[in-house]
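Chemist: Sharing a structure here in structure tokens format.
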Amino acid sequence: MLRIGTSEYFASLERFQTHLPAGKDAELLILKGHLLVERLLEKYVSQNVAHSAELQQAGFRFAQKLAIVAALHTQTESAWLWSSLRTFNRLRNELAHQIEGSKYNALLEQFVVQVEASPELPQLEPPSDVTARLHRAIFAVHEAMSLRVNL
């Protein structure tokens, strides 16, 4: 699919590159990547709900915003994205709420593998470094959400 980038798309991409430069530590990538994806979920809701300000005042968490977006979205081929973002959210929660989370490594691997199996990710050889794989996975879900938000 040929995509012509808008100024809003390039601004979003620049935000991603500024806040998630390659080579950063995995925990920082997860926390900041989660925030960037959450902004795209909010943008999707604001584009697809008549009175989105009502929802903003409700103070929904990431999982609730994701559920709303998944319910509003009509393309069935997006199921991989919603599943990957649910795993990403669980990974972020494990990191944010546990000092030494026992599920962290398993969730990290699950998220990366889910995204690498995506039909939208180019089937390239994944990087050998786990942090580089994580960065690529977060970039892939960010890009996938950007397409759905129509930036």
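Naming scheme: A, B, ... for chains in displayed order of the structure tokens; residues 1 onward per chain; ligands 1 onward as shown.
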Report as a PyMOL selection string all protein, DNA and RNA residues lying within 8 Å of Phe62 of chain A, evaluated on only C-alpha atoms, omitting residues in the same chain fewer than 2 positions from it.

Modeler: chain A and resi 38+60+64-66+89

Chemist: Since we have the selection now, will you write its residues out, keeping C-alpha atoms, as a compact mmCIF listing (two decimals), in the first residue's frame?

Modeler:
# COMPACT_ATOMS: atom_id res chain seq x y z
CA GLU A 38 -1.65 5.63 23.94
CA PHE A 60 -9.90 5.73 30.86
CA GLN A 64 -10.02 0.65 28.21
CA LYS A 65 -8.96 2.97 25.37
CA LEU A 66 -7.70 -0.04 23.44
CA ASN A 89 0.12 -3.12 28.00

Chemist: Among chain A, which ones does DSSP place in helix (DSSP H, G or I), written as number ranges by chain?

Modeler: A: 7-19, 26-48, 52-56, 62-72, 76-97, 104-116, 130-149

Chemist: Do a neighbour search on segment 106-108 of chain A at 6 Å with only C-alpha atoms, toss out local chain neighbours closer than 3 positions, and write the hits as a PyMOL selection string.

Modeler: chain A and resi 91+103+111

Chemist: Create the file for the chosen residues now, containing N, CA and C atoms and written as a compact mmCIF listing (two decimals), in the first residue's frame.

Modeler:
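What ended up in selection29.txt:
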# COMPACT_ATOMS: atom_id res chain seq x y z
N LEU A 91 2.94 -5.98 29.54
CA LEU A 91 4.38 -5.83 29.73
C LEU A 91 4.69 -4.52 30.45
N LYS A 103 7.08 -12.03 35.39
CA LYS A 103 6.52 -12.25 34.06
C LYS A 103 7.17 -11.36 33.00
N PHE A 111 5.44 -10.30 23.35
CA PHE A 111 5.13 -9.10 22.57
C PHE A 111 5.95 -9.05 21.29

Chemist: Show which residues sit within 7 Å of segment 73-88 of chain A, as a PyMOL selection string. Count only C-alpha atoms, and ignore same-chain residues fewer than 3 positions away.

Modeler: chain A and resi 69-70+91-92+107+111+114-115+118+141

Chemist: Name all residues at most 9 Å from Leu95 of chain A (count only C-alpha atoms; drop same-chain ones fewer than 3 positions away) and give them as a PyMOL selection string.

Modeler: chain A and resi 27+30-31+90-92+98-101+104

Chemist: Take the residues from that selection and write them out as an mmCIF file, in the first residue's frame, keeping C-alpha atoms.

Modeler:
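Everything below was put into selection_21.cif:
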data_model
loop_
_atom_site.group_PDB
_atom_site.id
_atom_site.type_symbol
_atom_site.label_atom_id
_atom_site.label_comp_id
_atom_site.auth_asym_id
_atom_site.auth_seq_id
_atom_site.Cartn_x
_atom_site.Cartn_y
_atom_site.Cartn_z
ATOM 1 C CA GLU A 27 12.558 -0.301 30.128
ATOM 2 C CA ILE A 30 8.550 0.241 26.935
ATOM 3 C CA LEU A 31 7.453 3.183 29.084
ATOM 4 C CA ARG A 90 0.612 -6.149 30.262
ATOM 5 C CA LEU A 91 4.385 -5.829 29.730
ATOM 6 C CA ARG A 92 4.289 -2.147 30.648
ATOM 7 C CA GLN A 98 6.678 -4.828 39.975
ATOM 8 C CA ILE A 99 10.257 -4.219 41.128
ATOM 9 C CA GLU A 100 11.361 -7.618 39.916
ATOM 10 C CA GLY A 101 8.461 -8.799 37.818
ATOM 11 C CA TYR A 104 8.599 -9.454 32.495
#

Chemist: Find the residues around Arg133 of chain A up to 10 Å (only C-alpha atoms counted), leave out those fewer than 4 positions away in its own chain, and share them as an MDAnalysis selection string.

Modeler: chainID A and resid 26 108:109 112:113 115:116 126:129 137:139

Chemist: Measure the distance from atom CA of Tyr9 of chain A to atom CA of Ser146 of chain A in Å and round it to one decimal.

Modeler: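 Answer for the atom CA of Tyr9 of chain A to atom CA of Ser146 of chain A separation: 7.3 Å.
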
Chemist: May I ask which of the residues A:Arg15, A:Ile68, A:Asn150, A:Leu35 is the closest one to Ser52 of chain A, counting only C-alpha atoms?

Modeler: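 Using only C-alpha atoms, the shortest distance to Ser52 of chain A belongs to A:Ile68.
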
Chemist: Rank A:Leu29, A:Ala67, A:Ala22, A:Ala140 by their smallest atom-to-atom distance to Glu42 of chain A, using only C-alpha atoms, and report the top residue only.

Modeler: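 Nearest to Glu42 of chain A: A:Ala67.
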
Chemist: Between A:Asn93, A:His142, A:Val149, A:Val130, which has the minimum distance to Phe16 of chain A (counting only C-alpha atoms)?

Modeler: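 Using only C-alpha atoms, the shortest distance to Phe16 of chain A belongs to A:His142.
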
Chemist: Which of these, A:Leu28, A:Ala58, A:Val49, A:Leu41, has the shortest distance to Leu134 of chain A once you count only C-alpha atoms?

Modeler: A:Leu28

Chemist: So how many Å separate atom CA of Glu143 of chain A and atom CA of Glu120 of chain A, to one decimal?

Modeler: 9.7 Å

Chemist: Using only C-alpha atoms for the distances, tell me which of A:His97, A:Lys32, A:Lys24, A:Arg39 is nearest to Met145 of chain A.

Modeler: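 Using only C-alpha atoms, Met145 of chain A sits closest to A:Arg39.
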